[in-house]
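A.B. asks: This is structure06.cif, which holds mmCIF, C-alpha atoms (C1' of nucleotides):
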```
data_input
#
loop_
_atom_site.group_PDB
_atom_site.id
_atom_site.type_symbol
_atom_site.label_atom_id
_atom_site.label_comp_id
_atom_site.auth_asym_id
_atom_site.auth_seq_id
_atom_site.Cartn_x
_atom_site.Cartn_y
_atom_site.Cartn_z
ATOM 1 C CA MET M 25 110.092 87.704 86.947
ATOM 2 C CA PHE M 26 109.511 87.190 90.645
ATOM 3 C CA GLU M 27 110.028 89.350 93.668
ATOM 4 C CA LEU M 28 110.378 88.194 97.212
ATOM 5 C CA ASP M 29 109.867 89.922 100.507
ATOM 6 C CA LEU M 30 112.750 88.944 102.710
ATOM 7 C CA ARG M 31 111.158 90.592 105.702
ATOM 8 C CA SER M 32 107.927 88.658 105.447
ATOM 9 C CA ARG M 33 107.142 86.193 108.217
ATOM 10 C CA SER M 34 106.230 83.590 105.656
ATOM 11 C CA PRO M 35 109.213 81.659 104.295
ATOM 12 C CA MET M 36 110.617 82.497 100.879
ATOM 13 C CA TYR M 37 109.821 79.114 99.389
ATOM 14 C CA GLU M 38 106.188 79.591 100.420
ATOM 15 C CA GLN M 39 106.079 83.040 98.835
ATOM 16 C CA LEU M 40 107.520 81.547 95.682
ATOM 17 C CA VAL M 41 104.854 78.863 95.641
ATOM 18 C CA GLU M 42 102.117 81.468 95.919
ATOM 19 C CA LYS M 43 103.584 83.773 93.283
ATOM 20 C CA ILE M 44 104.089 81.019 90.754
ATOM 21 C CA LYS M 45 100.679 79.550 91.482
ATOM 22 C CA ASP M 46 99.156 82.986 90.876
ATOM 23 C CA LEU M 47 100.909 83.254 87.520
ATOM 24 C CA ILE M 48 99.589 79.831 86.594
ATOM 25 C CA ILE M 49 95.974 80.348 87.612
ATOM 26 C CA ASN M 50 95.940 83.732 85.883
ATOM 27 C CA ASN M 51 97.244 82.114 82.727
ATOM 28 C CA VAL M 52 100.385 84.236 82.606
ATOM 29 C CA LEU M 53 102.307 80.989 82.630
ATOM 30 C CA LYS M 54 100.719 78.762 79.986
ATOM 31 C CA PRO M 55 100.273 74.989 80.229
ATOM 32 C CA ASP M 56 103.472 73.055 79.495
ATOM 33 C CA GLU M 57 105.466 76.273 79.514
ATOM 34 C CA GLN M 58 108.899 75.796 81.019
ATOM 35 C CA LEU M 59 109.706 77.417 84.328
ATOM 36 C CA PRO M 60 113.092 78.976 85.017
ATOM 37 C CA ALA M 61 115.719 76.406 85.934
ATOM 38 C CA VAL M 62 116.356 75.945 89.615
ATOM 39 C CA ARG M 63 119.866 77.349 89.473
ATOM 40 C CA VAL M 64 118.942 80.178 87.105
ATOM 41 C CA LEU M 65 116.069 81.424 89.242
ATOM 42 C CA ALA M 66 118.180 81.058 92.351
ATOM 43 C CA SER M 67 120.849 83.193 90.744
ATOM 44 C CA GLU M 68 118.330 85.838 89.685
ATOM 45 C CA LEU M 69 116.798 86.052 93.119
ATOM 46 C CA THR M 70 120.204 85.705 94.778
ATOM 47 C CA ILE M 71 118.947 82.953 97.021
ATOM 48 C CA ASN M 72 119.906 79.340 97.411
ATOM 49 C CA PRO M 73 118.977 76.751 94.748
ATOM 50 C CA ASN M 74 117.682 74.502 97.504
ATOM 51 C CA THR M 75 115.019 77.055 98.321
ATOM 52 C CA ILE M 76 113.835 77.125 94.728
ATOM 53 C CA GLN M 77 113.811 73.383 94.564
ATOM 54 C CA LYS M 78 111.740 73.243 97.714
ATOM 55 C CA ALA M 79 109.183 75.563 96.112
ATOM 56 C CA TYR M 80 109.089 73.518 92.922
ATOM 57 C CA ARG M 81 108.722 70.315 94.884
ATOM 58 C CA GLU M 82 105.799 71.828 96.739
ATOM 59 C CA LEU M 83 104.176 73.068 93.528
ATOM 60 C CA GLU M 84 104.551 69.631 92.016
ATOM 61 C CA HIS M 85 103.035 68.043 95.104
ATOM 62 C CA ARG M 86 100.075 70.401 94.861
ATOM 63 C CA GLY M 87 99.572 69.518 91.220
ATOM 64 C CA TYR M 88 100.485 72.814 89.591
ATOM 65 C CA ILE M 89 103.707 71.843 87.854
ATOM 66 C CA TYR M 90 105.623 68.747 86.843
ATOM 67 C CA SER M 91 109.374 68.244 86.734
ATOM 68 C CA VAL M 92 111.446 66.086 84.430
ATOM 69 C CA PRO M 93 115.027 65.359 85.467
ATOM 70 C CA GLY M 94 117.410 66.494 82.776
ATOM 71 C CA LYS M 95 114.806 68.619 81.014
ATOM 72 C CA GLY M 96 113.184 71.073 83.350
ATOM 73 C CA SER M 97 110.036 72.004 85.242
ATOM 74 C CA PHE M 98 106.819 72.815 83.434
ATOM 75 C CA VAL M 99 103.336 74.142 84.078
ATOM 76 C CA LYS M 100 100.926 71.263 84.467
ATOM 77 C CA PRO M 101 97.705 71.589 82.470
ATOM 78 C CA ALA M 102 94.686 71.727 84.769
ATOM 79 C CA VAL M 103 92.732 68.492 84.909
ATOM 80 C CA ALA M 104 89.056 68.579 85.845
ATOM 81 C CA GLY M 105 88.401 66.829 89.149
ATOM 82 C CA ASP M 106 92.076 66.779 90.018
ATOM 83 C CA HIS M 107 91.743 69.650 92.450
ATOM 84 C CA ASP M 108 88.445 68.692 94.006
ATOM 85 C CA ALA M 109 89.457 68.944 97.641
ATOM 86 C CA ARG M 110 91.236 72.182 96.920
ATOM 87 C CA LEU M 111 88.069 73.578 95.385
ATOM 88 C CA ARG M 112 86.054 72.787 98.474
ATOM 89 C CA ALA M 113 88.678 74.379 100.703
ATOM 90 C CA LEU M 114 88.622 77.503 98.568
ATOM 91 C CA GLU M 115 84.871 77.744 98.879
ATOM 92 C CA ASN M 116 85.090 77.600 102.649
ATOM 93 C CA GLU M 117 87.766 80.255 102.616
ATOM 94 C CA LEU M 118 85.617 82.373 100.354
ATOM 95 C CA LEU M 119 82.617 82.299 102.655
ATOM 96 C CA ARG M 120 84.790 82.924 105.676
ATOM 97 C CA ILE M 121 86.204 86.044 104.078
ATOM 98 C CA ILE M 122 82.767 87.317 103.191
ATOM 99 C CA SER M 123 81.643 86.829 106.777
ATOM 100 C CA GLU M 124 84.520 88.941 107.947
ATOM 101 C CA MET M 125 83.819 91.626 105.351
ATOM 102 C CA LEU M 126 80.226 91.806 106.545
ATOM 103 C CA TYR M 127 81.384 92.132 110.126
ATOM 104 C CA LEU M 128 83.667 94.969 109.083
ATOM 105 C CA GLY M 129 80.765 96.847 107.554
ATOM 106 C CA ALA M 130 80.862 95.919 103.871
ATOM 107 C CA TYR M 131 77.555 95.969 102.021
ATOM 108 C CA PRO M 132 76.322 92.660 100.538
ATOM 109 C CA ALA M 133 75.232 94.294 97.291
ATOM 110 C CA ASP M 134 78.629 95.926 97.015
ATOM 111 C CA ILE M 135 80.404 92.611 97.473
ATOM 112 C CA ILE M 136 78.295 90.920 94.828
ATOM 113 C CA THR M 137 78.910 93.728 92.377
ATOM 114 C CA ARG M 138 82.668 93.557 92.746
ATOM 115 C CA ILE M 139 82.671 89.819 92.349
ATOM 116 C CA GLN M 140 80.561 89.955 89.215
ATOM 117 C CA THR M 141 82.845 92.572 87.737
ATOM 118 C CA HIS M 142 85.766 90.317 88.475
ATOM 119 C CA LEU M 143 84.052 87.232 87.075
ATOM 120 C CA PHE M 144 83.299 88.780 83.721
ATOM 121 C CA LYS M 145 86.232 91.110 83.221
ATOM 122 C CA ASP M 146 88.135 88.630 81.038
ATOM 123 C CA GLU M 147 85.248 87.840 78.698
ATOM 124 C CA GLY M 148 86.698 88.189 75.208
ATOM 125 C CA GLY M 149 89.627 90.213 76.418
ATOM 126 C CA GLN M 150 93.375 89.646 76.170
ATOM 127 C CA PRO M 151 95.693 89.305 79.147
ATOM 128 C CA ASP M 152 97.815 92.445 79.408
ATOM 129 C CA ASP M 153 101.303 91.178 78.831
ATOM 130 C CA MET I 22 85.601 76.477 123.917
ATOM 131 C CA PHE I 23 88.590 76.264 121.606
ATOM 132 C CA GLU I 24 90.450 73.444 119.996
ATOM 133 C CA LEU I 25 93.973 73.525 118.680
ATOM 134 C CA ASP I 26 95.801 71.412 116.170
ATOM 135 C CA LEU I 27 99.198 70.686 117.626
ATOM 136 C CA ARG I 28 100.375 69.152 114.377
ATOM 137 C CA SER I 29 99.567 72.181 112.247
ATOM 138 C CA ARG I 30 102.484 74.066 110.700
ATOM 139 C CA SER I 31 100.961 77.333 111.830
ATOM 140 C CA PRO I 32 101.803 78.248 115.428
ATOM 141 C CA MET I 33 99.260 77.730 118.169
ATOM 142 C CA TYR I 34 98.972 81.409 119.021
ATOM 143 C CA GLU I 35 98.120 82.110 115.372
ATOM 144 C CA GLN I 36 95.467 79.395 115.365
ATOM 145 C CA LEU I 37 94.038 80.912 118.518
ATOM 146 C CA VAL I 38 93.906 84.340 116.907
ATOM 147 C CA GLU I 39 91.989 82.953 113.938
ATOM 148 C CA LYS I 40 89.571 80.928 116.046
ATOM 149 C CA ILE I 41 88.740 83.789 118.361
ATOM 150 C CA LYS I 42 88.456 86.227 115.477
ATOM 151 C CA ASP I 43 86.010 83.845 113.809
ATOM 152 C CA LEU I 44 83.890 83.709 116.949
ATOM 153 C CA ILE I 45 83.862 87.495 117.046
ATOM 154 C CA ILE I 46 82.996 88.133 113.414
ATOM 155 C CA ASN I 47 80.264 85.511 113.579
ATOM 156 C CA ASN I 48 78.842 87.208 116.654
ATOM 157 C CA VAL I 49 79.269 84.162 118.864
ATOM 158 C CA LEU I 50 81.318 86.358 121.137
ATOM 159 C CA LYS I 51 79.326 89.556 121.659
ATOM 160 C CA PRO I 52 80.778 93.070 121.940
ATOM 161 C CA ASP I 53 82.266 93.800 125.381
ATOM 162 C CA GLU I 54 81.905 90.161 126.335
ATOM 163 C CA GLN I 55 84.777 88.993 128.508
ATOM 164 C CA LEU I 56 87.189 86.467 127.132
ATOM 165 C CA PRO I 57 88.593 83.655 129.263
ATOM 166 C CA ALA I 58 91.427 84.785 131.494
ATOM 167 C CA VAL I 59 94.900 84.107 130.185
ATOM 168 C CA ARG I 60 95.742 81.570 132.865
ATOM 169 C CA VAL I 61 92.318 79.925 132.759
ATOM 170 C CA LEU I 62 92.362 79.374 129.006
ATOM 171 C CA ALA I 63 95.955 78.185 129.212
ATOM 172 C CA SER I 64 94.921 75.631 131.790
ATOM 173 C CA GLU I 65 91.960 74.459 129.721
ATOM 174 C CA LEU I 66 94.068 74.036 126.603
ATOM 175 C CA THR I 67 96.986 72.705 128.654
ATOM 176 C CA ILE I 68 99.359 75.123 127.029
ATOM 177 C CA ASN I 69 101.488 77.909 128.387
ATOM 178 C CA PRO I 70 99.907 81.202 129.515
ATOM 179 C CA ASN I 71 102.508 83.063 127.484
ATOM 180 C CA THR I 72 101.080 81.551 124.314
ATOM 181 C CA ILE I 73 97.592 82.780 125.196
ATOM 182 C CA GLN I 74 98.898 86.188 126.025
ATOM 183 C CA LYS I 75 100.660 86.353 122.704
ATOM 184 C CA ALA I 76 97.387 85.575 120.926
ATOM 185 C CA TYR I 77 95.491 88.179 122.951
ATOM 186 C CA ARG I 78 98.182 90.768 122.281
ATOM 187 C CA GLU I 79 97.890 90.063 118.579
ATOM 188 C CA LEU I 80 94.094 90.282 118.649
ATOM 189 C CA GLU I 81 94.313 93.589 120.464
ATOM 190 C CA HIS I 82 96.832 94.860 117.937
ATOM 191 C CA ARG I 83 94.485 93.903 115.118
ATOM 192 C CA GLY I 84 91.609 95.723 116.764
ATOM 193 C CA TYR I 85 89.391 92.787 117.688
ATOM 194 C CA ILE I 86 89.684 92.871 121.459
ATOM 195 C CA TYR I 87 90.852 95.198 124.208
ATOM 196 C CA SER I 88 92.544 94.288 127.454
ATOM 197 C CA VAL I 89 92.365 96.025 130.793
ATOM 198 C CA PRO I 90 95.015 95.119 133.358
ATOM 199 C CA GLY I 91 93.415 93.863 136.527
ATOM 200 C CA LYS I 92 90.042 93.332 134.867
ATOM 201 C CA GLY I 93 90.306 91.155 131.801
ATOM 202 C CA SER I 94 90.187 90.994 128.005
ATOM 203 C CA PHE I 95 87.014 91.877 126.141
ATOM 204 C CA VAL I 96 85.547 91.814 122.663
ATOM 205 C CA LYS I 97 85.952 95.209 121.041
ATOM 206 C CA PRO I 98 82.813 96.559 119.354
ATOM 207 C CA ALA I 99 83.389 97.038 115.609
ATOM 208 C CA VAL I 100 83.934 100.641 114.622
ATOM 209 C CA ALA I 101 83.164 101.730 111.063
ATOM 210 C CA GLY I 102 86.309 102.777 109.207
ATOM 211 C CA ASP I 103 88.525 101.239 111.852
ATOM 212 C CA HIS I 104 89.299 98.218 109.696
ATOM 213 C CA ASP I 105 89.600 99.967 106.376
ATOM 214 C CA ALA I 106 92.928 98.550 105.285
ATOM 215 C CA ARG I 107 91.828 95.128 106.432
ATOM 216 C CA LEU I 108 88.712 95.403 104.304
ATOM 217 C CA ARG I 109 90.739 96.189 101.198
ATOM 218 C CA ALA I 110 93.054 93.285 101.884
ATOM 219 C CA LEU I 111 90.079 90.974 102.263
ATOM 220 C CA GLU I 112 88.685 92.103 98.944
ATOM 221 C CA ASN I 113 91.955 91.303 97.207
ATOM 222 C CA GLU I 114 92.032 87.922 98.861
ATOM 223 C CA LEU I 115 88.456 87.323 97.783
ATOM 224 C CA LEU I 116 89.138 88.021 94.116
ATOM 225 C CA ARG I 117 92.323 85.968 94.236
ATOM 226 C CA ILE I 118 90.387 82.985 95.540
ATOM 227 C CA ILE I 119 87.752 83.348 92.859
ATOM 228 C CA SER I 120 90.440 83.426 90.186
ATOM 229 C CA GLU I 121 91.803 80.174 91.494
ATOM 230 C CA MET I 122 88.348 78.611 91.647
ATOM 231 C CA LEU I 123 87.777 79.546 88.022
ATOM 232 C CA TYR I 124 91.110 78.042 87.075
ATOM 233 C CA LEU I 125 90.127 74.841 88.845
ATOM 234 C CA GLY I 126 86.946 74.612 86.806
ATOM 235 C CA ALA I 127 84.278 76.215 88.998
ATOM 236 C CA TYR I 128 81.359 77.853 87.213
ATOM 237 C CA PRO I 129 80.870 81.611 87.686
ATOM 238 C CA ALA I 130 77.119 81.297 88.104
ATOM 239 C CA ASP I 131 77.683 78.608 90.699
ATOM 240 C CA ILE I 132 80.040 80.790 92.660
ATOM 241 C CA ILE I 133 77.619 83.704 92.643
ATOM 242 C CA THR I 134 74.774 81.506 93.811
ATOM 243 C CA ARG I 135 76.706 80.141 96.766
ATOM 244 C CA ILE I 136 77.805 83.572 97.806
ATOM 245 C CA GLN I 137 74.303 84.951 97.646
ATOM 246 C CA THR I 138 73.019 82.073 99.713
ATOM 247 C CA HIS I 139 75.688 82.821 102.257
ATOM 248 C CA LEU I 140 75.001 86.548 102.251
ATOM 249 C CA PHE I 141 71.340 86.157 103.038
ATOM 250 C CA LYS I 142 71.285 83.041 105.186
ATOM 251 C CA ASP I 143 71.329 85.001 108.457
ATOM 252 C CA GLU I 144 68.438 87.299 107.617
ATOM 253 C CA GLY I 145 66.221 87.030 110.697
ATOM 254 C CA GLY I 146 67.789 83.770 111.773
ATOM 255 C CA GLN I 147 69.578 82.702 114.925
ATOM 256 C CA PRO I 148 73.142 81.405 115.168
ATOM 257 C CA ASP I 149 73.098 77.662 115.889
ATOM 258 C CA ASP I 150 74.796 77.381 119.245
ATOM 259 C "C1'" DC G 4 94.968 91.771 153.234
ATOM 260 C "C1'" DA G 5 94.027 87.812 149.497
ATOM 261 C "C1'" DA G 6 92.838 86.462 144.943
ATOM 262 C "C1'" DC G 7 91.977 87.561 140.714
ATOM 263 C "C1'" DT G 8 93.214 90.103 136.317
ATOM 264 C "C1'" DG G 9 96.920 91.532 132.414
ATOM 265 C "C1'" DT G 10 101.789 92.297 131.464
ATOM 266 C "C1'" DA G 11 106.923 91.796 131.142
ATOM 267 C "C1'" DC G 12 110.988 89.493 131.317
ATOM 268 C "C1'" DT G 13 114.769 85.673 131.162
ATOM 269 C "C1'" DA G 14 116.242 81.123 129.940
ATOM 270 C "C1'" DC G 15 116.090 76.756 127.665
ATOM 271 C "C1'" DG G 16 114.850 73.107 124.201
ATOM 272 C "C1'" DC G 17 113.302 72.285 119.831
ATOM 273 C "C1'" DA G 18 111.772 72.759 115.077
ATOM 274 C "C1'" DT G 19 112.311 75.010 110.812
ATOM 275 C "C1'" DG G 20 113.956 78.129 107.229
ATOM 276 C "C1'" DC G 21 117.900 79.173 104.668
ATOM 277 C "C1'" DT G 22 122.526 78.754 103.202
ATOM 278 C "C1'" DA G 23 126.739 76.318 101.560
ATOM 279 C "C1'" DG G 24 128.683 72.635 99.541
ATOM 280 C "C1'" DT G 25 128.842 68.290 97.298
ATOM 281 C "C1'" DA G 26 127.220 64.656 94.567
ATOM 282 C "C1'" DC G 27 124.534 61.863 91.230
ATOM 283 C "C1'" DA G 28 121.327 60.773 87.213
ATOM 284 C "C1'" DT G 29 119.197 62.243 82.998
ATOM 285 C "C1'" DA G 30 118.786 64.908 78.488
ATOM 286 C "C1'" DC G 31 120.849 66.937 74.683
ATOM 287 C "C1'" DA G 32 124.198 68.762 71.516
ATOM 288 C "C1'" DA G 33 128.982 69.013 69.748
ATOM 289 C "C1'" DT A 27 132.547 60.363 74.256
ATOM 290 C "C1'" DT A 28 132.644 64.973 76.388
ATOM 291 C "C1'" DG A 29 130.510 69.146 77.937
ATOM 292 C "C1'" DT A 30 126.696 71.467 79.722
ATOM 293 C "C1'" DA A 31 122.288 71.865 80.761
ATOM 294 C "C1'" DT A 32 118.468 69.946 83.648
ATOM 295 C "C1'" DG A 33 116.275 68.004 88.346
ATOM 296 C "C1'" DT A 34 117.290 65.684 92.683
ATOM 297 C "C1'" DA A 35 119.339 64.195 97.163
ATOM 298 C "C1'" DC A 36 122.083 64.524 100.677
ATOM 299 C "C1'" DT A 37 125.024 66.686 104.867
ATOM 300 C "C1'" DA A 38 126.298 70.449 107.872
ATOM 301 C "C1'" DG A 39 125.853 74.826 110.152
ATOM 302 C "C1'" DC A 40 123.546 79.083 111.482
ATOM 303 C "C1'" DA A 41 119.657 82.084 112.673
ATOM 304 C "C1'" DT A 42 115.048 82.654 113.884
ATOM 305 C "C1'" DG A 43 110.839 81.643 115.976
ATOM 306 C "C1'" DC A 44 107.687 78.774 118.766
ATOM 307 C "C1'" DG A 45 106.531 76.925 123.048
ATOM 308 C "C1'" DT A 46 107.538 76.032 127.830
ATOM 309 C "C1'" DA A 47 108.959 77.114 132.587
ATOM 310 C "C1'" DG A 48 109.558 80.227 135.965
ATOM 311 C "C1'" DT A 49 109.441 84.610 138.157
ATOM 312 C "C1'" DA A 50 107.925 89.123 138.925
ATOM 313 C "C1'" DC A 51 105.146 93.418 138.962
ATOM 314 C "C1'" DA A 52 100.877 96.378 138.574
ATOM 315 C "C1'" DG A 53 95.934 97.139 138.647
ATOM 316 C "C1'" DT A 54 91.091 95.446 140.279
ATOM 317 C "C1'" DT A 55 88.004 93.497 143.395
ATOM 318 C "C1'" DG A 56 86.179 91.856 147.698
#
```
Could I get this file's structure written as structure tokens?

C.D. replies:
Amino acid sequence: MFELDLRSRSPMYEQLVEKIKDLIINNVLKPDEQLPAVRVLASELTINPNTIQKAYRELEHRGYIYSVPGKGSFVKPAVAGDHDARLRALENELLRIISEMLYLGAYPADIITRIQTHLFKDEGGQPDD
Amino acid sequence: MFELDLRSRSPMYEQLVEKIKDLIINNVLKPDEQLPAVRVLASELTINPNTIQKAYRELEHRGYIYSVPGKGSFVKPAVAGDHDARLRALENELLRIISEMLYLGAYPADIITRIQTHLFKDEGGQPDD
DNA sequence: CAACTGTACTACGCATGCTAGTACATACAA
DNA sequence: TTGTATGTACTAGCATGCGTAGTACAGTTG
């Protein structure tokens, strides 16, 4: 289900956080769906359970999952207003990236077009599973 | 000229790279403009010259500056096609961020509007220095 | 020459990522 | 109850990377 790059400079638990977060925000992992157990995922990835737990702890802290001792870890349904600061940070990041793309020679109209395509690509469609 | 966050998890040299890159892509630092000398900047920031040199080396490797032994380090003029891979990576990052914003409840029309404002805000204007 | 530039290298202290191992509490089914 | 699943919390050790300190060398400029 997941793949890690052992040679990356960023730590494995951080990669895990990003991968799982991506699956959540792209609705591949549905709300309240159960995530792989700490030990199971650790076994699959042949890494230490502590590393998985660290990733889950981080995801819980960021509001993307919730964990119940004895039951498991689950995708947390998005709550409006719960990620307000995060949303502002993302907007800053977005504009920063666009600035850099402009500097590198990208055309404004081109950027807009790609974004619009991306924004409306899921309208009425099914996720390819 | 620069400010560093000693408490950040990301290393100082990496922060420096980002800050300087931002100044370059926002045209605060002009092409062929000389950057502060390694030892000078180190003294100003009260950090080690090696850390500055590491940041400069990284910036040179990424194609944002060039260094000439005995003379100094300078802003490298942007060359079309020179940052092609970087541009593709930025586009991926851009779409990834938008996906997350949508997941967090942002409105597509709102996102487009903000981007357009950003794209055309510099038309005929001056950078606020 | 002197004084500036970038560059290269070693050594040390320290923080962090990751692993290994152990342990405990809860949930659930036999 | 027992067994097995779950998450969680520790300790300990090792490797890596960051940052500092210090030294040294080469090219540029006056």

A.B. asks: When you draw a straight line from atom CA of Tyr85 of chain I to atom CA of Glu24 of chain I, how long is it in Å?

C.D. replies: 19.5 Å

A.B. asks: I would like the residues chosen by the PyMOL selection byres ((chain M and resi 111) around 12) on the shown file; could you give them as a PyMOL selection string?

C.D. replies: (chain M and resi 104-110+112-118) or (chain I and resi 118-128+132)

A.B. asks: Check what the PyMOL selection byres ((chain A and resi 32-45) around 9) selects in the file above and give those residues as an NGL selection string.

C.D. replies: (:M and (61-62 or 77 or 91-97)) or (:I and (32-33 or 68-69 or 71-72)) or (:G and (17-30)) or (:A and (31 or 46))

A.B. asks: Given the choices M:Ala133, M:Leu119, M:Ala66, M:Ile49, which gets closest to Ala79 of chain M if the distance is worked out from all atoms listed in the file?

C.D. replies: M:Ala66

A.B. asks: In Å to one decimal, how far is atom C1' of DG9 of chain G from atom C1' of DG53 of chain A?

C.D. replies: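 Interatomic distance, atom C1' of DG53 of chain A to atom C1' of DG9 of chain G: 8.4 Å.
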
A.B. asks: Atom CA of Tyr90 of chain M and atom CA of Ala102 of chain M are how many Å apart?

C.D. replies: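 That distance, rounded to one decimal, is 11.5 Å.
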
A.B. asks: Which residues would end up in the selection if the PyMOL selection byres ((chain G and resi 33) around 9) were applied here, given that I need the answer as a ChimeraX atom specification?

C.D. replies: /G:32 /A:28-29

A.B. asks: Emit the selected residues as a tab-separated table (two decimals), in the coordinates of the input, including C-alpha atoms (C1' of nucleotides).

C.D. replies:
```
chain	number	residue	atom	x	y	z
G	32	DA	C1'	124.20	68.76	71.52
A	28	DT	C1'	132.64	64.97	76.39
A	29	DG	C1'	130.51	69.15	77.94
```

A.B. asks: Which residue out of I:Val100, I:Leu27, I:Val49, I:Leu66 has the minimum interatomic distance to chain M when only C-alpha atoms are used?

C.D. replies: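 Looking at the shortest contact to chain M, the residue is I:Val100.
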
A.B. asks: Just checking: using all atoms listed in the file, which residue out of M:Lys78, M:Arg33, M:Lys100, M:His85 ends up closest to Glu57 of chain M?

C.D. replies: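 So, comparing all the options, the nearest one is M:Lys100.
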
A.B. asks: Where's the centre, and what are the edge lengths in Å to one decimal, of a box along x, y and z enclosing all listed atoms of segment 105-109 of chain M padded 8 Å per side, as AutoDock Vina command-line options?

C.D. replies:
```
--center_x 90.2 --center_y 68.2 --center_z 93.4 --size_x 19.7 --size_y 18.9 --size_z 24.5
```
